$ cat coords_26.txt   # compact mmCIF, C-alpha atoms and all ligand atoms
# COMPACT_ATOMS: atom_id res chain seq x y z
CA MET E 980 -44.25 90.52 101.88
CA GLN E 981 -47.48 88.55 102.13
CA ALA E 982 -47.45 85.01 103.45
CA VAL E 983 -49.86 82.12 103.73
CA LEU E 984 -49.67 79.22 106.16
CA LEU E 985 -50.51 75.61 105.34
CA GLY E 986 -51.14 73.58 108.51
CA TYR E 987 -52.41 75.00 111.77
CA GLY E 988 -51.03 72.50 114.27
CA THR E 989 -48.13 72.73 116.74
CA VAL E 990 -45.61 74.25 114.31
CA GLY E 991 -48.11 76.26 112.25
CA LYS E 992 -49.39 78.13 115.30
CA GLY E 993 -45.81 78.95 116.27
CA VAL E 994 -45.10 80.30 112.78
CA GLU E 995 -48.20 82.49 112.97
CA LYS E 996 -47.02 83.97 116.31
CA LEU E 997 -43.55 84.78 114.96
CA VAL E 998 -44.73 86.20 111.64
CA ASN E 999 -46.67 88.76 113.66
CA THR E 1000 -43.38 89.98 115.17
CA VAL E 1001 -41.61 90.61 111.83
CA ASP E 1002 -41.95 94.02 110.18
CA GLY E 1003 -42.67 93.74 106.49
CA LEU E 1004 -44.12 90.20 106.68
CA ASP E 1005 -47.89 89.70 106.97
CA MET E 1006 -49.89 86.52 107.34
CA LYS E 1007 -52.69 86.78 104.82
CA ALA E 1008 -54.45 83.44 105.32
CA VAL E 1009 -54.22 79.98 106.85
CA PHE E 1010 -55.17 76.72 105.12
CA VAL E 1011 -57.06 74.38 107.44
CA LEU E 1012 -59.08 71.22 107.00
CA PRO E 1013 -62.40 72.02 108.63
CA GLU E 1014 -64.15 75.30 107.81
CA PHE E 1015 -63.31 77.85 110.54
CA GLU E 1016 -65.60 80.81 111.38
CA ASP E 1017 -63.06 83.49 110.65
CA LEU E 1018 -63.15 83.58 106.82
CA PRO E 1019 -61.24 84.52 104.73
CA TYR E 1020 -58.30 84.33 107.21
CA PHE E 1021 -58.98 80.59 107.53
CA SER E 1022 -59.58 78.90 104.21
CA ASN E 1023 -60.11 75.42 102.80
CA ASP E 1024 -58.86 76.47 99.37
CA GLY E 1025 -55.20 75.51 99.61
CA GLU E 1026 -54.55 75.77 95.88
CA GLY E 1027 -56.16 79.20 95.74
CA LEU E 1028 -53.94 80.43 98.58
CA VAL E 1029 -50.63 79.18 97.16
CA THR E 1030 -51.32 80.59 93.68
CA ASP E 1031 -52.70 83.94 94.89
CA PRO E 1032 -50.75 86.61 92.93
CA ASP E 1033 -50.50 88.78 96.08
CA VAL E 1034 -48.70 86.03 98.04
CA ASP E 1035 -44.88 85.85 98.11
CA VAL E 1036 -44.12 83.31 100.85
CA VAL E 1037 -45.76 79.95 101.58
CA PHE E 1038 -45.09 78.37 105.00
CA GLU E 1039 -45.88 74.65 104.77
CA CYS E 1040 -46.26 72.75 108.05
CA LEU E 1041 -48.83 70.11 107.30
CA SER E 1042 -48.55 66.55 108.53
CA GLY E 1043 -48.38 63.76 105.94
CA THR E 1044 -47.40 63.87 102.30
CA GLU E 1045 -50.71 64.99 100.79
CA PRO E 1046 -51.96 67.61 100.16
CA SER E 1047 -48.56 69.03 101.12
CA ASN E 1048 -46.70 67.72 98.06
CA THR E 1049 -49.35 68.95 95.62
CA LEU E 1050 -49.55 72.37 97.27
CA ILE E 1051 -45.76 72.83 97.40
CA ARG E 1052 -45.56 72.01 93.68
CA LYS E 1053 -48.38 74.45 92.83
CA ALA E 1054 -46.71 77.14 94.92
CA LEU E 1055 -43.33 76.63 93.24
CA GLU E 1056 -44.93 76.58 89.78
CA ALA E 1057 -46.44 79.95 90.71
CA GLY E 1058 -42.95 81.27 91.57
CA LYS E 1059 -43.46 81.43 95.36
CA HIS E 1060 -40.85 81.19 98.09
CA VAL E 1061 -41.74 77.97 99.88
CA ILE E 1062 -40.54 77.30 103.43
CA THR E 1063 -41.35 73.87 104.81
CA SER E 1064 -40.80 71.77 107.94
CA ASN E 1065 -42.30 68.65 106.37
CA LYS E 1066 -39.45 66.16 105.93
CA ALA E 1067 -41.75 63.31 104.86
CA THR E 1068 -42.68 65.38 101.81
CA VAL E 1069 -39.27 66.94 101.20
CA ALA E 1070 -37.17 63.73 101.30
CA PRO E 1071 -38.67 62.05 98.21
CA ASN E 1072 -39.38 65.26 96.27
CA LEU E 1073 -36.50 67.64 96.88
CA GLU E 1074 -34.94 67.27 93.43
CA ASP E 1075 -38.24 68.25 91.79
CA TYR E 1076 -38.74 71.17 94.18
CA VAL E 1077 -35.28 72.57 93.46
CA LYS E 1078 -35.92 72.28 89.71
CA LEU E 1079 -39.37 73.91 89.95
CA ALA E 1080 -37.95 76.75 92.03
CA GLU E 1081 -35.18 77.35 89.46
CA GLU E 1082 -37.59 77.23 86.52
CA ASN E 1083 -40.14 79.59 88.03
CA GLY E 1084 -38.05 82.11 89.95
CA GLY E 1085 -39.10 81.04 93.45
CA SER E 1086 -37.20 79.14 96.12
CA ILE E 1087 -37.44 76.16 98.44
CA GLN E 1088 -36.07 76.38 101.98
CA ILE E 1089 -36.15 73.43 104.35
CA GLU E 1090 -34.16 74.31 107.50
CA ALA E 1091 -36.89 73.19 109.93
CA SER E 1092 -37.29 69.81 108.25
CA VAL E 1093 -34.05 68.53 109.87
CA ALA E 1094 -33.10 69.10 113.52
CA GLY E 1095 -35.97 71.53 114.26
CA GLY E 1096 -34.58 74.74 115.72
CA ILE E 1097 -30.87 74.05 115.09
CA PRO E 1098 -29.34 75.79 112.03
CA PHE E 1099 -27.86 72.42 111.01
CA LEU E 1100 -28.75 72.46 107.31
CA ASP E 1101 -27.56 76.06 107.11
CA ALA E 1102 -24.20 74.89 108.48
CA VAL E 1103 -24.11 71.94 106.07
CA LEU E 1104 -24.92 74.15 103.07
CA LYS E 1105 -22.29 76.67 104.09
CA LEU E 1106 -19.55 74.15 104.90
CA GLN E 1107 -19.91 72.02 101.76
CA LYS E 1108 -19.24 75.01 99.49
CA LEU E 1109 -15.48 74.89 100.01
CA GLU E 1110 -14.74 71.18 100.26
CA ASP E 1111 -16.36 67.75 100.17
CA LEU E 1112 -17.76 66.82 103.58
CA ASN E 1113 -16.51 63.48 104.94
CA GLY E 1114 -19.78 62.87 106.75
CA PHE E 1115 -21.95 63.74 109.70
CA GLU E 1116 -23.51 62.03 112.66
CA GLY E 1117 -25.94 62.99 115.33
CA ILE E 1118 -29.16 62.73 117.25
CA PHE E 1119 -31.97 63.87 114.95
CA ASN E 1120 -35.16 62.92 116.76
CA GLY E 1121 -36.23 64.81 119.86
CA THR E 1122 -38.98 62.34 120.75
CA SER E 1123 -36.65 59.30 120.74
CA ASN E 1124 -34.02 61.15 122.70
CA TYR E 1125 -36.59 62.24 125.26
CA ILE E 1126 -37.88 58.65 125.57
CA LEU E 1127 -34.39 57.14 125.91
CA ASP E 1128 -33.41 59.76 128.47
CA GLN E 1129 -36.53 59.08 130.55
CA MET E 1130 -36.10 55.30 130.30
CA GLN E 1131 -32.47 55.49 131.45
CA LYS E 1132 -32.68 58.27 134.05
CA GLU E 1133 -36.18 57.76 135.47
CA GLY E 1134 -36.87 54.09 134.69
CA GLN E 1135 -39.98 55.08 132.69
CA ASP E 1136 -41.41 52.68 130.12
CA LEU E 1137 -41.43 53.62 126.44
CA SER E 1138 -45.16 54.24 126.10
CA THR E 1139 -45.37 56.55 129.15
CA ALA E 1140 -42.39 58.59 127.94
CA LEU E 1141 -43.90 58.75 124.43
CA ARG E 1142 -47.17 60.10 125.84
CA ASP E 1143 -45.22 62.90 127.57
CA ALA E 1144 -43.32 63.69 124.35
CA GLN E 1145 -46.64 63.90 122.49
CA ALA E 1146 -48.07 66.25 125.11
CA MET E 1147 -45.05 68.52 124.72
CA GLY E 1148 -45.50 68.75 120.93
CA TYR E 1149 -42.32 66.85 119.98
CA ALA E 1150 -43.85 63.75 118.38
CA GLU E 1151 -45.07 63.24 114.82
CA ALA E 1152 -48.81 62.98 114.11
CA ASP E 1153 -48.04 59.23 113.74
CA PRO E 1154 -45.42 58.65 116.47
CA THR E 1155 -44.41 55.31 114.92
CA ASN E 1156 -42.27 57.50 112.66
CA ASP E 1157 -40.35 58.65 115.75
CA VAL E 1158 -39.89 55.32 117.54
CA GLU E 1159 -39.23 53.21 114.43
CA GLY E 1160 -36.76 55.70 112.98
CA MET E 1161 -38.56 56.83 109.80
CA ASP E 1162 -38.44 60.47 110.91
CA VAL E 1163 -34.64 60.22 111.12
CA TRP E 1164 -34.59 58.33 107.82
CA TYR E 1165 -36.26 61.31 106.05
CA LYS E 1166 -33.86 63.72 107.76
CA THR E 1167 -30.86 61.62 106.77
CA VAL E 1168 -32.00 61.37 103.13
CA ILE E 1169 -32.30 65.17 103.05
CA THR E 1170 -28.97 65.80 104.77
CA ASN E 1171 -27.11 63.37 102.52
CA MET E 1172 -28.42 65.25 99.48
CA LEU E 1173 -27.43 68.66 100.81
CA ALA E 1174 -24.11 67.55 102.30
CA TYR E 1175 -22.88 65.77 99.17
CA ASN E 1176 -24.78 67.79 96.48
CA THR E 1177 -26.25 64.53 95.31
CA LYS E 1178 -29.47 63.19 93.94
CA ASN E 1179 -31.22 60.70 96.22
CA ASP E 1180 -29.89 57.14 95.80
CA GLY E 1181 -32.27 55.75 98.45
CA LEU E 1182 -31.17 54.68 101.89
CA ARG E 1183 -31.19 51.48 103.92
CA LYS E 1184 -34.15 51.33 106.29
CA PRO E 1185 -33.64 52.59 109.86
CA LEU E 1186 -33.41 50.67 113.12
CA GLY E 1187 -35.59 52.44 115.69
CA ILE E 1188 -35.73 52.30 119.48
CA SER E 1189 -38.83 50.11 119.86
CA LYS E 1190 -36.90 46.85 120.40
CA LEU E 1191 -34.96 48.19 123.40
CA THR E 1192 -35.96 46.58 126.71
CA PRO E 1193 -35.13 47.18 130.40
CA GLU E 1194 -32.62 44.31 130.00
CA ASP E 1195 -30.73 46.35 127.37
CA ILE E 1196 -30.80 49.43 129.58
CA ALA E 1197 -29.40 47.38 132.48
CA LEU E 1198 -26.64 46.07 130.19
CA ALA E 1199 -25.74 49.63 129.14
CA ARG E 1200 -25.66 50.80 132.76
CA GLY E 1201 -23.49 47.86 133.82
CA GLU E 1202 -21.01 48.69 131.06
CA ASN E 1203 -21.06 52.42 131.94
CA LYS E 1204 -22.66 53.25 128.60
CA VAL E 1205 -25.60 55.42 127.52
CA ILE E 1206 -28.04 54.47 124.76
CA ARG E 1207 -28.84 57.13 122.17
CA HIS E 1208 -30.49 56.93 118.73
CA ILE E 1209 -28.10 58.16 116.07
CA SER E 1210 -27.73 58.63 112.36
CA ARG E 1211 -24.25 58.30 110.92
CA SER E 1212 -23.28 59.12 107.33
CA VAL E 1213 -19.90 58.73 105.63
CA GLN E 1214 -18.76 60.01 102.22
CA LYS E 1215 -15.56 58.92 100.52
CA ASP E 1216 -14.41 59.20 96.93
CA GLY E 1217 -17.88 59.82 95.56
CA ARG E 1218 -19.61 57.01 97.46
CA TYR E 1219 -21.62 57.27 100.66
CA ALA E 1220 -23.27 55.14 103.33
CA SER E 1221 -25.66 55.82 106.18
CA VAL E 1222 -26.84 53.92 109.18
CA ILE E 1223 -29.65 54.85 111.57
CA ALA E 1224 -29.68 52.82 114.78
CA PRO E 1225 -29.61 52.86 118.56
CA ALA E 1226 -26.05 53.20 119.84
CA PHE E 1227 -24.48 52.11 123.14
CA LEU E 1228 -22.06 55.00 123.72
CA ASN E 1229 -19.33 55.58 126.28
CA ARG E 1230 -20.35 58.23 128.81
CA ASP E 1231 -17.73 60.68 127.56
CA ASP E 1232 -19.08 60.54 123.99
CA TYR E 1233 -20.38 63.95 122.77
CA LEU E 1234 -23.72 62.40 121.82
CA ALA E 1235 -24.12 60.46 125.10
CA ASN E 1236 -24.60 63.74 126.99
CA VAL E 1237 -27.53 65.10 124.98
CA PRO E 1238 -30.53 65.23 127.37
CA SER E 1239 -34.31 65.41 127.04
CA ASN E 1240 -35.63 66.35 123.58
CA TYR E 1241 -32.36 67.99 122.53
CA ASN E 1242 -30.57 67.07 119.30
CA ALA E 1243 -26.86 67.32 118.49
CA GLN E 1244 -24.80 66.85 115.36
CA LEU E 1245 -21.19 66.62 114.27
CA ILE E 1246 -20.13 67.53 110.72
CA TYR E 1247 -16.80 66.21 109.42
CA ALA E 1248 -14.38 67.56 106.78
CA ASP E 1249 -10.62 67.56 106.27
CA SER E 1250 -9.99 71.25 107.02
CA PHE E 1251 -11.91 71.64 110.29
CA ASP E 1252 -11.97 67.96 111.41
CA LYS E 1253 -15.33 68.31 113.15
CA ILE E 1254 -17.89 70.97 114.03
CA GLY E 1255 -20.63 70.33 116.59
CA LEU E 1256 -24.14 71.73 116.96
CA PHE E 1257 -26.58 71.31 119.85
CA GLY E 1258 -30.11 72.51 120.49
CA GLN E 1259 -33.85 71.94 120.39
CA GLY E 1260 -34.59 69.50 117.60
CA ALA E 1261 -38.34 69.57 118.12
CA GLY E 1262 -41.05 71.71 119.66
CA GLN E 1263 -43.29 74.56 118.61
CA MET E 1264 -41.25 77.75 118.89
CA ALA E 1265 -37.85 76.22 118.15
CA THR E 1266 -39.13 74.81 114.86
CA ALA E 1267 -41.13 77.93 113.99
CA GLN E 1268 -37.99 80.00 114.61
CA ALA E 1269 -36.12 77.99 111.97
CA MET E 1270 -38.89 78.67 109.45
CA LEU E 1271 -38.83 82.40 110.20
CA ALA E 1272 -35.04 82.43 109.83
CA ASN E 1273 -35.61 81.11 106.30
CA ALA E 1274 -38.24 83.81 105.71
CA LEU E 1275 -35.82 86.54 106.79
CA ASP E 1276 -33.30 85.13 104.28
CA THR E 1277 -35.98 85.42 101.59
CA MET E 1278 -36.75 89.00 102.58
CA GLU E 1279 -33.02 89.87 102.50
CA GLY E 1280 -32.36 87.85 99.31
CA THR E 1281 -29.78 85.69 101.10
CA GLU E 1282 -31.28 82.21 100.68
CA ARG E 1283 -28.71 79.44 100.45
CA PRO E 1284 -28.96 77.68 97.09
CA ILE E 1285 -29.42 73.90 97.04
CA ARG E 1286 -27.40 72.05 94.35
CA LEU E 1287 -28.14 68.39 93.65
CA ASP E 1288 -26.06 67.85 90.53
CA ARG E 1289 -23.94 64.82 91.57
CA ASN E 1290 -24.88 61.16 91.40
CA LEU E 1291 -23.24 59.51 94.39
CA LYS E 1292 -23.91 55.82 94.93
CA GLN E 1293 -24.35 54.04 98.25
CA ASP E 1294 -21.69 51.68 99.54
CA ASP E 1295 -22.51 49.99 102.87
CA SER E 1296 -18.88 48.92 103.35
CA LEU E 1297 -17.94 52.52 104.23
CA ILE E 1298 -19.67 52.09 107.62
CA GLN E 1299 -17.40 49.82 109.66
CA GLU E 1300 -18.73 49.41 113.20
CA THR E 1301 -19.00 46.95 116.06
CA TRP E 1302 -22.63 45.83 116.43
CA LEU E 1303 -24.37 44.68 119.62
CA VAL E 1304 -27.15 42.17 118.93
CA ARG E 1305 -29.62 40.58 121.34
CA SER E 1306 -30.95 37.44 119.72
CA GLU E 1307 -32.00 33.92 120.68
CA ALA E 1308 -30.87 32.73 117.22
CA ASP E 1309 -27.47 31.21 116.51
CA LEU E 1310 -25.52 34.00 114.79
CA SER E 1311 -22.20 32.15 114.73
CA SER E 1312 -22.32 31.78 110.92
CA ILE E 1313 -21.78 35.56 110.61
CA PRO E 1314 -18.06 36.33 110.27
CA THR E 1315 -16.64 38.11 113.36
CA ALA E 1316 -19.72 37.21 115.52
CA ARG E 1317 -18.94 36.18 119.09
CA VAL E 1318 -21.14 35.71 122.15
CA LYS E 1319 -20.82 38.60 124.59
CA GLU E 1320 -22.98 37.22 127.41
CA GLY E 1321 -26.35 35.43 127.56
CA SER E 1322 -28.24 36.24 124.37
CA TYR E 1323 -26.00 39.21 123.52
CA TRP E 1324 -23.60 39.01 120.59
CA LEU E 1325 -20.89 41.35 119.39
CA ILE E 1326 -20.24 41.43 115.63
CA GLY E 1327 -17.60 43.34 113.76
CA PRO E 1328 -16.01 45.50 112.74
CA ALA E 1329 -18.49 44.94 109.94
CA GLY E 1330 -20.20 47.02 107.25
CA ALA E 1331 -23.82 48.18 107.55
CA ASP E 1332 -24.95 45.31 105.29
CA VAL E 1333 -24.40 42.94 108.25
CA ILE E 1334 -27.83 44.19 109.42
CA ASP E 1335 -29.46 42.31 106.53
CA ARG E 1336 -27.70 39.06 107.48
CA ILE E 1337 -28.70 39.40 111.16
CA GLN E 1338 -32.32 40.14 110.25
CA GLU E 1339 -32.46 37.12 107.92
CA LEU E 1340 -31.45 34.89 110.83
CA ASP E 1341 -33.65 36.68 113.39
CA PRO E 1342 -36.16 39.36 112.30
CA GLN E 1343 -36.81 40.14 115.98
CA ALA E 1344 -33.16 40.78 116.91
CA MET E 1345 -32.29 44.01 118.76
CA ILE E 1346 -29.42 45.53 116.74
CA ALA E 1347 -27.38 48.51 117.91
CA LEU E 1348 -24.00 50.16 117.45
CA TRP E 1349 -21.50 49.34 120.20
CA ARG E 1350 -18.89 52.03 120.83
N1 LIG D 1 -43.57 69.21 116.02
C1 LIG D 1 -42.28 69.40 115.79
O1 LIG D 1 -41.49 69.61 116.72
C2 LIG D 1 -41.76 69.39 114.41
C3 LIG D 1 -42.54 69.05 113.33
N2 LIG D 1 -42.01 69.05 112.06
C4 LIG D 1 -42.86 68.79 110.91
O2 LIG D 1 -43.74 69.89 110.75
C5 LIG D 1 -45.00 69.46 110.27
C6 LIG D 1 -46.07 69.88 111.25
O3 LIG D 1 -45.80 69.29 112.50
P1 LIG D 1 -46.77 69.55 113.74
O4 LIG D 1 -47.22 70.94 113.73
O5 LIG D 1 -46.07 69.01 114.91
O6 LIG D 1 -47.98 68.58 113.35
P2 LIG D 1 -49.49 68.72 113.81
O7 LIG D 1 -50.08 67.36 113.65
O8 LIG D 1 -49.59 69.42 115.12
O9 LIG D 1 -50.10 69.71 112.71
C7 LIG D 1 -50.31 69.32 111.40
C8 LIG D 1 -51.42 70.16 110.87
O10 LIG D 1 -51.65 69.76 109.52
C9 LIG D 1 -53.04 69.77 109.34
N3 LIG D 1 -53.44 68.96 108.22
C10 LIG D 1 -53.15 67.68 107.96
N4 LIG D 1 -53.73 67.28 106.82
C11 LIG D 1 -54.42 68.35 106.36
C12 LIG D 1 -55.23 68.59 105.24
N5 LIG D 1 -55.48 67.62 104.35
N6 LIG D 1 -55.76 69.81 105.07
C13 LIG D 1 -55.55 70.78 105.98
N7 LIG D 1 -54.79 70.63 107.08
C14 LIG D 1 -54.24 69.42 107.26
C15 LIG D 1 -53.59 69.23 110.63
O11 LIG D 1 -54.97 69.58 110.70
P3 LIG D 1 -55.97 68.76 111.65
O12 LIG D 1 -55.42 68.89 113.02
O13 LIG D 1 -57.26 69.46 111.40
O14 LIG D 1 -55.92 67.35 111.13
C16 LIG D 1 -52.73 69.97 111.64
O15 LIG D 1 -53.25 71.23 111.93
C17 LIG D 1 -44.92 67.95 110.10
O16 LIG D 1 -44.63 67.66 108.76
C18 LIG D 1 -43.75 67.56 111.01
O17 LIG D 1 -43.07 66.41 110.56
C19 LIG D 1 -40.71 69.41 111.82
C20 LIG D 1 -39.89 69.75 112.85
C21 LIG D 1 -40.32 69.72 114.23
N1 LIG D 2 -41.02 64.34 115.79
C1 LIG D 2 -39.82 65.04 115.50
C2 LIG D 2 -40.10 66.50 115.33
C3 LIG D 2 -39.02 67.22 114.69
O1 LIG D 2 -38.57 66.92 113.61
C4 LIG D 2 -38.83 64.86 116.63
O2 LIG D 2 -39.23 64.35 117.68
O3 LIG D 2 -37.65 65.19 116.44

$ encode --input "coords_26.txt" --output "structure tokens"
Amino acid sequence: MQAVLLGYGTVGKGVEKLVNTVDGLDMKAVFVLPEFEDLPYFSNDGEGLVTDPDVDVVFECLSGTEPSNTLIRKALEAGKHVITSNKATVAPNLEDYVKLAEENGGSIQIEASVAGGIPFLDAVLKLQKLEDLNGFEGIFNGTSNYILDQMQKEGQDLSTALRDAQAMGYAEADPTNDVEGMDVWYKTVITNMLAYNTKNDGLRKPLGISKLTPEDIALARGENKVIRHISRSVQKDGRYASVIAPAFLNRDDYLANVPSNYNAQLIYADSFDKIGLFGQGAGQMATAQAMLANALDTMEGTERPIRLDRNLKQDDSLIQETWLVRSEADLSSIPTARVKEGSYWLIGPAGADVIDRIQELDPQAMIALWR
């Protein structure tokens, strides 16, 4: 099979290396922004590459949503097998991509877009075939996990740890997406769709890690807890809810023990209770490996189909948690709010919509799950 590569950054270069190790798969050309010397292997004609009749597989690992969205659509319209790591493009467009793939005889595979090198979506797609999943939760951003680990173990500040994560190829081109939680928001939108076979009903905005201070880290340490950034999703009776937030976890919690840039997930269903995954959620070769695993499925004709034929609606009340809030505002008008110590409040059990009420009273509040 002949392949083309869109995006020649951290992930793209890893994909190129691995394609060269697979018999029967050849990299024909690479789409790049500036003109490179080595034409026609490097090309600026993205549309020409993805509609080339000799090309079967399109690896898409561009940053940003354009031209990636346009090129993925053109490739699918031309009946290609598209493999992408670009969650910012996949999250809002997946329904269209699945439809275009069905209409034109190609396919869309997105393993690397969520949890990097971990076959998490593969597990989700496999497990939801037999029964409705009750939910999932996990650590989905390697950069945030690396930063939190460094802040708690080494006393580093956020910006120094972020610079290291960037140097190691974990961070997004715009790292705000990592620290403010948008990267996990895209991944959660995608996972909800695959886990529950549902069209996208939107998702409440994430809480990132940027509001955490040394004071919060000292509080966690004093309470024998570890701070991690998690996404939790629950499905019940055709409704679902998600929350993305920092979490103060007991030290024996599965997710509290995930170090460095690693990710980990738990998937829940009645028959197996829970299944856990752990691995590299970011980084060049881990992510490239996930894209090549998709390519091998294409070559063997064993791609997992994506079905999005249900219309589940969100219901914030499904997420009942205790929330830790650091705020100088008076939060006593919120039912179940009580002062923990100093400017810290505990609220709950309360649904995820309590976040809106807290933010109305204090837009600067640090809000986290307290377990
Ligand atoms: N890094 C990781 O660990 C993971 C990344 N991802 C996703 O994979 C994708 C790639 O990530 P990563 O490799 O880290 O990002 P990089 O920023 O390293 O690479 C992105 C590449 O896209 C190119 N690009 C952007 N816009 C254009 C354009 N208009 N025309 C041509 N090329 C363009 C950039 O070119 P130039 O440099 O010339 O601007 C760069 O080579 C992203 O969508 C990311 O979210 C997913 C999982 C893990
Ligand atoms: N920036 C992301 C890369 C993988 O999706 C992360 O840090 O997890």

$ atom_distance --input "coords_26.txt" --atom1 "atom CA of E:Leu1050" --atom2 "atom CA of E:Gly1025"
6.9 Å

$ residues_around --input "coords_26.txt" --residues "stretch 1244-1251 of chain E" --least-positions-apart "5" --cutoff "9 Å" --atoms "only C-alpha atoms" --output "list of chain:residue names"
E:Ala1094, E:Phe1099, E:Ala1102, E:Val1103, E:Leu1106, E:Gln1107, E:Glu1110, E:Asp1111, E:Leu1112, E:Asn1113, E:Gly1114, E:Phe1115, E:Glu1116, E:Gly1117, E:Ile1118, E:Phe1119, E:Val1213, E:Tyr1233, E:Leu1234, E:Leu1256, E:Phe1257

$ residues_near_ligand --input "coords_26.txt" --ligand "ligand LIG 2 (chain D)" --cutoff "9 Å" --atoms "all atoms listed in the file" --output "VMD selection string"
chain E and resid 1064 to 1066 1091 to 1096 1118 to 1125 1144 to 1145 1148 to 1154 1156 to 1157 1162 to 1163 1166 1240 to 1242 1259 to 1262 1266

$ atom_distance --input "coords_26.txt" --atom1 "atom CA of E:Leu985" --atom2 "atom O15 of ligand LIG 1 (chain D)"
8.4 Å

$ axis_aligned_box --input "coords_26.txt" --around "ligand LIG 1 (chain D)" --padding-each-side "3 Å" --output "lines of an AutoDock Vina configuration file"
center_x = -48.6
center_y = 68.8
center_z = 110.5
size_x = 23.4
size_y = 10.8
size_z = 18.4

$ residues_around --input "coords_26.txt" --residues "stretch 1127-1131 of chain E" --least-positions-apart "2" --cutoff "10 Å" --atoms "all atoms listed in the file" --output "PyMOL selection string"
chain E and resi 1121-1125+1133-1137+1139-1141+1143+1188+1191-1193+1196-1197+1199-1200+1205-1208+1225+1235-1240

$ closest_residue --input "coords_26.txt" --among "E:Leu1198, E:Leu1073, E:Val1318, E:Ile1062" --to "ligand LIG 1 (chain D)" --atoms "all atoms listed in the file"
E:Ile1062

$ residues_around --input "coords_26.txt" --residues "E:Pro1185" --least-positions-apart "6" --cutoff "12 Å" --atoms "only C-alpha atoms" --output "PyMOL selection string"
chain E and resi 1156-1168+1208-1211+1221-1225+1331+1334-1335+1346-1347

$ closest_residue --input "coords_26.txt" --among "E:Phe1038, E:Asp1075, E:Met1172, E:Gln1263" --to "ligand LIG 1 (chain D)" --atoms "only C-alpha atoms and all ligand atoms"
E:Gln1263

$ closest_residue --input "coords_26.txt" --among "E:Asp1309, E:Glu1074, E:Asp1216, E:Asp1101" --to "E:Glu1282" --atoms "all atoms listed in the file"
E:Asp1101

$ residues_around --input "coords_26.txt" --residues "E:Ala1008" --least-positions-apart "4" --cutoff "8 Å" --atoms "all atoms listed in the file" --output "PyMOL selection string"
chain E and resi 982-984+1019-1022+1028

$ residues_near_point --input "coords_26.txt" --point "(-46.9, 93.7, 106.2)" --cutoff "7 Å" --atoms "all atoms listed in the file" --output "PyMOL selection string"
chain E and resi 980-981+1002-1005

$ closest_residue --input "coords_26.txt" --among "E:Asp1017, E:Glu1090, E:Asp1035, E:Asp1232" --to "ligand LIG 1 (chain D)" --atoms "all atoms listed in the file"
E:Glu1090

$ residues_near_point --input "coords_26.txt" --point "(-16.7, 60.3, 93.9)" --cutoff "10 Å" --atoms "all atoms listed in the file" --output "list in words"
Asp1111, Tyr1175, Gln1214, Lys1215, Asp1216, Gly1217, Arg1218, Tyr1219, Arg1289, Asn1290, Leu1291 and Lys1292 of chain E

$ closest_residue --input "coords_26.txt" --among "E:Glu1026, E:Glu1300, E:Asp1288, E:Glu1320" --to "E:Lys1053" --atoms "all atoms listed in the file"
E:Glu1026

$ residues_around --input "coords_26.txt" --residues "E:Ala1054" --least-positions-apart "3" --cutoff "6 Å" --atoms "all atoms listed in the file" --output "MDAnalysis selection string"
chainID E and resid 1029:1030 1051 1057 1059

$ atom_distance --input "coords_26.txt" --atom1 "atom O10 of ligand LIG 1 (chain D)" --atom2 "atom CA of E:Phe1010"
9.0 Å

$ closest_residue --input "coords_26.txt" --among "E:Gln1268, E:Asn1203, E:Ser1086, E:Asn1171" --to "ligand LIG 1 (chain D)" --atoms "only C-alpha atoms and all ligand atoms"
E:Gln1268
